[in-house]
Amino acid sequence: MIHSERLDRLATFTSLALRVLLALVFLFAAFPKLADTRTFAEQISYYDLWPQVSALVAVTIPPVELVAAIALLVAPRPWQRGALLVVFTLLCLFTYAVLQAYVRGIDTECGCFGSGGERVGIPKLIENAGLIAACVIAFLLEPRR
Amino acid sequence: MTRAAALRTTLVDAGWRGALLTVVGLAAALGYNAVRKDGIPCFDYEPPTSCSAEASRPQPEVGVVSPEELAHECDNGGLVVADTRSEERFSMGHIAGAVHLPCSASDDAARVVGSLLDGKQDLVVYGETEAEARPVAEALARRTEPALRVRVLQGGFQAWAQQGLACASGGCPRHEGAP
């Protein structure tokens with residue numbers, strides 16, 4: 001029983017730590033892009049996926065990141081799980097964009113945290129994979145009560 | 001309730017909450033963009049065509065062709081030979097059959113070249129020297145179809161003339177839209 005309680009506490013603490021980590025990453029990602037949406041739209045167009053919707057994506061992504069990050073920190077537990085799903089989906093989309101740019105040899109800034117940041121490449125893919133794993137683990141460890 | 005069923009229920013619950021959070025975020029995004037002074041148009045956006053954008057695109061390969069090899073390709077109907085030198089130098093002497101490019105590979109020049117290259121598969125670019133022509137060739141390679149093979153003449157016009165290969169003289173014809 002005590003062993004089980006300890007495991008539960010460990011799971012809860014781990015989930016909390018991962019949620020805070022993801023929230024901070026997305027907060028730091030959202031603000032620079034909100035401040036300079038035009039540059040973010042240019043960076044998205046460099047990925048050469050759907051350049052014509054670069055502006056729409058640039059306008060909508062940062063506020064969604066911000067809402068998800070805030071929900072991860074302060075929303076009631078059921079909404080935190082919803083926010084984890086949003087973060088997971090966004091990370092999958094970002095990872096796809098980076099991966100296709102890398103495979104096609106497009107050398108561009110990631111645009112993940114505004115301008116002047118990391119470039120597309122293996123380190124960014126590994127970083128994203130880590131964040132996706134954090135999402136999944138946090139979701140599975142969330143208490144169901 | 002089994003673990004799988006519990007997880008499914010949790011996922012469904014998280015799913016609709018996540019969708020709602022996304023809708024809230026989207027509404028906030030569009031509203032904020034509408035009221036801010038430096039909001040950008042969501043649907044009429046033109047991706048940039050500046051040098052910084054080009055630097056972020058993959059650099060297409062620009063090959064090299066020697067004067068002898070090029071001389072053997074004269075009957076290649078899909079080939080365009082482009083001269084990047086000044087009009088004055090072009091009129092004094094150029095490779096027979098070559099067309100004149102405006103001095104810089106600007107957007108206007110790219111449109112002119114686009115019309116010249118319609119239906120062609122091969123482009124050879126030359127200047128007085130190879131080094132002079134290479135930046136123009138690279139810029140054109142970035143702006144034209146990937147299927148077009150772009151090459152630079154090894155040694156430039158100097159090497160062509162030194163080998164006594166076919167030259168012509170006369171001013172360049174005016175192309176519609178050329179600067």
# chains A, B, ... in the order shown; residues from 1 in each chain; ligands from 1
>>> select_by_dssp(residues="chain A", states="alpha helix (DSSP H)", output="PyMOL selection string")
chain A and resi 2-35+37-46+54-74+77-103+122-141
>>> write_last_selection(atoms="C-alpha atoms", output="mmCIF file, in the first residue's frame")
data_model
loop_
_atom_site.group_PDB
_atom_site.id
_atom_site.type_symbol
_atom_site.label_atom_id
_atom_site.label_comp_id
_atom_site.auth_asym_id
_atom_site.auth_seq_id
_atom_site.Cartn_x
_atom_site.Cartn_y
_atom_site.Cartn_z
ATOM 1 C CA ILE A 2 2.772 2.414 0.994
ATOM 2 C CA HIS A 3 4.728 1.340 -2.077
ATOM 3 C CA SER A 4 1.691 2.075 -4.231
ATOM 4 C CA GLU A 5 1.202 5.496 -2.627
ATOM 5 C CA ARG A 6 4.822 6.353 -3.259
ATOM 6 C CA LEU A 7 4.504 5.338 -6.882
ATOM 7 C CA ASP A 8 1.366 7.445 -7.212
ATOM 8 C CA ARG A 9 3.131 10.451 -5.718
ATOM 9 C CA LEU A 10 6.105 9.916 -8.001
ATOM 10 C CA ALA A 11 3.817 9.671 -11.015
ATOM 11 C CA THR A 12 1.959 12.828 -10.016
ATOM 12 C CA PHE A 13 5.180 14.742 -9.421
ATOM 13 C CA THR A 14 6.663 13.578 -12.735
ATOM 14 C CA SER A 15 3.533 14.538 -14.586
ATOM 15 C CA LEU A 16 3.570 17.962 -12.917
ATOM 16 C CA ALA A 17 7.243 18.520 -13.750
ATOM 17 C CA LEU A 18 6.709 17.566 -17.378
ATOM 18 C CA ARG A 19 3.646 19.765 -17.658
ATOM 19 C CA VAL A 20 5.566 22.739 -16.269
ATOM 20 C CA LEU A 21 8.442 22.043 -18.654
ATOM 21 C CA LEU A 22 6.114 21.883 -21.665
ATOM 22 C CA ALA A 23 4.264 25.007 -20.525
ATOM 23 C CA LEU A 24 7.502 26.972 -20.211
ATOM 24 C CA VAL A 25 8.726 25.799 -23.624
ATOM 25 C CA PHE A 26 5.485 26.872 -25.258
ATOM 26 C CA LEU A 27 5.357 30.179 -23.381
ATOM 27 C CA PHE A 28 8.886 31.008 -24.547
ATOM 28 C CA ALA A 29 7.905 29.911 -28.041
ATOM 29 C CA ALA A 30 4.689 31.936 -28.227
ATOM 30 C CA PHE A 31 5.796 35.393 -27.089
ATOM 31 C CA PRO A 32 8.504 36.182 -29.675
ATOM 32 C CA LYS A 33 6.241 34.968 -32.452
ATOM 33 C CA LEU A 34 3.339 37.066 -31.177
ATOM 34 C CA ALA A 35 5.627 40.096 -31.096
ATOM 35 C CA THR A 37 4.219 37.734 -36.654
ATOM 36 C CA ARG A 38 5.478 38.975 -40.006
ATOM 37 C CA THR A 39 8.929 37.433 -39.535
ATOM 38 C CA PHE A 40 7.321 34.218 -38.320
ATOM 39 C CA ALA A 41 5.192 34.122 -41.491
ATOM 40 C CA GLU A 42 8.340 34.484 -43.595
ATOM 41 C CA GLN A 43 10.039 31.701 -41.678
ATOM 42 C CA ILE A 44 7.048 29.424 -42.251
ATOM 43 C CA SER A 45 7.107 30.173 -45.980
ATOM 44 C CA TYR A 46 10.743 29.052 -46.146
ATOM 45 C CA SER A 54 2.003 30.998 -44.080
ATOM 46 C CA ALA A 55 0.356 34.133 -42.757
ATOM 47 C CA LEU A 56 -2.710 32.296 -41.487
ATOM 48 C CA VAL A 57 -0.529 29.744 -39.719
ATOM 49 C CA ALA A 58 1.726 32.467 -38.303
ATOM 50 C CA VAL A 59 -1.274 34.362 -36.937
ATOM 51 C CA THR A 60 -2.974 31.364 -35.343
ATOM 52 C CA ILE A 61 -0.209 29.154 -33.973
ATOM 53 C CA PRO A 62 1.293 31.433 -31.266
ATOM 54 C CA PRO A 63 -2.016 32.196 -29.499
ATOM 55 C CA VAL A 64 -2.930 28.507 -29.549
ATOM 56 C CA GLU A 65 0.491 27.765 -28.022
ATOM 57 C CA LEU A 66 -0.141 30.436 -25.405
ATOM 58 C CA VAL A 67 -3.599 29.147 -24.475
ATOM 59 C CA ALA A 68 -2.281 25.585 -24.228
ATOM 60 C CA ALA A 69 0.670 26.673 -22.079
ATOM 61 C CA ILE A 70 -1.542 28.592 -19.658
ATOM 62 C CA ALA A 71 -3.975 25.700 -19.450
ATOM 63 C CA LEU A 72 -1.105 23.315 -18.656
ATOM 64 C CA LEU A 73 -0.182 25.455 -15.675
ATOM 65 C CA VAL A 74 -3.412 26.665 -14.132
ATOM 66 C CA ARG A 77 -6.919 18.679 -14.333
ATOM 67 C CA PRO A 78 -9.287 17.526 -17.123
ATOM 68 C CA TRP A 79 -8.400 20.653 -19.079
ATOM 69 C CA GLN A 80 -4.715 20.028 -18.510
ATOM 70 C CA ARG A 81 -5.096 16.720 -20.325
ATOM 71 C CA GLY A 82 -6.805 18.572 -23.165
ATOM 72 C CA ALA A 83 -3.916 21.020 -23.264
ATOM 73 C CA LEU A 84 -1.458 18.109 -23.397
ATOM 74 C CA LEU A 85 -3.262 16.813 -26.462
ATOM 75 C CA VAL A 86 -3.058 20.240 -28.095
ATOM 76 C CA VAL A 87 0.661 20.467 -27.331
ATOM 77 C CA PHE A 88 1.180 16.923 -28.619
ATOM 78 C CA THR A 89 -0.605 17.737 -31.870
ATOM 79 C CA LEU A 90 1.350 20.942 -32.378
ATOM 80 C CA LEU A 91 4.639 19.178 -31.729
ATOM 81 C CA CYS A 92 3.768 16.467 -34.248
ATOM 82 C CA LEU A 93 2.989 19.127 -36.855
ATOM 83 C CA PHE A 94 6.208 21.033 -36.131
ATOM 84 C CA THR A 95 8.247 17.836 -36.271
ATOM 85 C CA TYR A 96 6.716 16.927 -39.631
ATOM 86 C CA ALA A 97 7.558 20.377 -40.991
ATOM 87 C CA VAL A 98 11.149 20.192 -39.758
ATOM 88 C CA LEU A 99 11.584 16.624 -40.999
ATOM 89 C CA GLN A 100 10.340 17.363 -44.517
ATOM 90 C CA ALA A 101 12.549 20.468 -44.678
ATOM 91 C CA TYR A 102 15.552 18.441 -43.552
ATOM 92 C CA VAL A 103 14.880 15.636 -46.041
ATOM 93 C CA ILE A 122 18.825 16.496 -36.484
ATOM 94 C CA PRO A 123 19.237 18.303 -33.123
ATOM 95 C CA LYS A 124 15.878 20.005 -33.599
ATOM 96 C CA LEU A 125 14.252 16.698 -34.500
ATOM 97 C CA ILE A 126 15.705 15.054 -31.398
ATOM 98 C CA GLU A 127 14.533 17.965 -29.272
ATOM 99 C CA ASN A 128 11.008 17.672 -30.657
ATOM 100 C CA ALA A 129 11.012 13.912 -30.148
ATOM 101 C CA GLY A 130 11.910 14.498 -26.511
ATOM 102 C CA LEU A 131 9.072 16.981 -26.063
ATOM 103 C CA ILE A 132 6.606 14.613 -27.717
ATOM 104 C CA ALA A 133 7.743 11.860 -25.369
ATOM 105 C CA ALA A 134 7.280 14.259 -22.435
ATOM 106 C CA CYS A 135 3.707 14.916 -23.595
ATOM 107 C CA VAL A 136 2.877 11.249 -23.811
ATOM 108 C CA ILE A 137 4.416 10.430 -20.442
ATOM 109 C CA ALA A 138 2.724 13.365 -18.720
ATOM 110 C CA PHE A 139 -0.635 12.323 -20.192
ATOM 111 C CA LEU A 140 -0.282 8.699 -19.115
ATOM 112 C CA LEU A 141 0.913 9.608 -15.624
#
>>> atom_distance(atom1="CA of His100 (chain B)", atom2="CA of Ser115 (chain B)")
13.0 Å
>>> atom_distance(atom1="CA of Ala82 (chain B)", atom2="CA of Tyr126 (chain B)")
6.3 Å
>>> residues_around(residues="Asp83 (chain B)", least_positions_apart="2", cutoff="10 Å", atoms="only C-alpha atoms", output="PyMOL selection string")
chain B and resi 80-81+85-87+89-90+94-95+98-103+124-128+133+156-157
>>> residues_around(residues="region 118-121 of chain B", least_positions_apart="4", cutoff="8 Å", atoms="only C-alpha atoms", output="CSV table (one decimal) with N, CA and C atoms, in the first residue's frame")
chain,number,residue,atom,x,y,z
B,77,GLY,N,18.6,21.7,-79.5
B,77,GLY,CA,17.5,22.6,-79.6
B,77,GLY,C,16.9,23.0,-78.2
B,78,GLY,N,17.2,22.2,-77.2
B,78,GLY,CA,16.7,22.5,-75.9
B,78,GLY,C,17.7,23.4,-75.0
B,79,LEU,N,18.8,23.9,-75.7
B,79,LEU,CA,19.8,24.6,-75.0
B,79,LEU,C,19.7,26.1,-75.2
B,80,VAL,N,19.9,26.9,-74.1
B,80,VAL,CA,20.0,28.3,-74.2
B,80,VAL,C,21.3,28.7,-73.6
B,114,GLY,N,12.7,33.6,-67.9
B,114,GLY,CA,11.6,32.6,-67.9
B,114,GLY,C,11.0,32.4,-69.3
B,147,ALA,N,13.9,21.2,-63.0
B,147,ALA,CA,14.2,20.2,-64.1
B,147,ALA,C,15.2,20.9,-65.1
B,148,LEU,N,15.4,22.2,-65.0
B,148,LEU,CA,16.3,22.9,-65.9
B,148,LEU,C,17.7,22.6,-65.4
B,149,ARG,N,18.6,22.2,-66.4
B,149,ARG,CA,20.0,22.0,-66.0
B,149,ARG,C,20.7,23.3,-66.2
>>> closest_residue(among="B:Gly155, B:Asp122, B:Val62, B:Leu21", to="Arg142 (chain B)", atoms="only C-alpha atoms")
B:Val62
>>> atom_distance(atom1="CA of Leu153 (chain B)", atom2="CA of Gly105 (chain A)")
26.2 Å
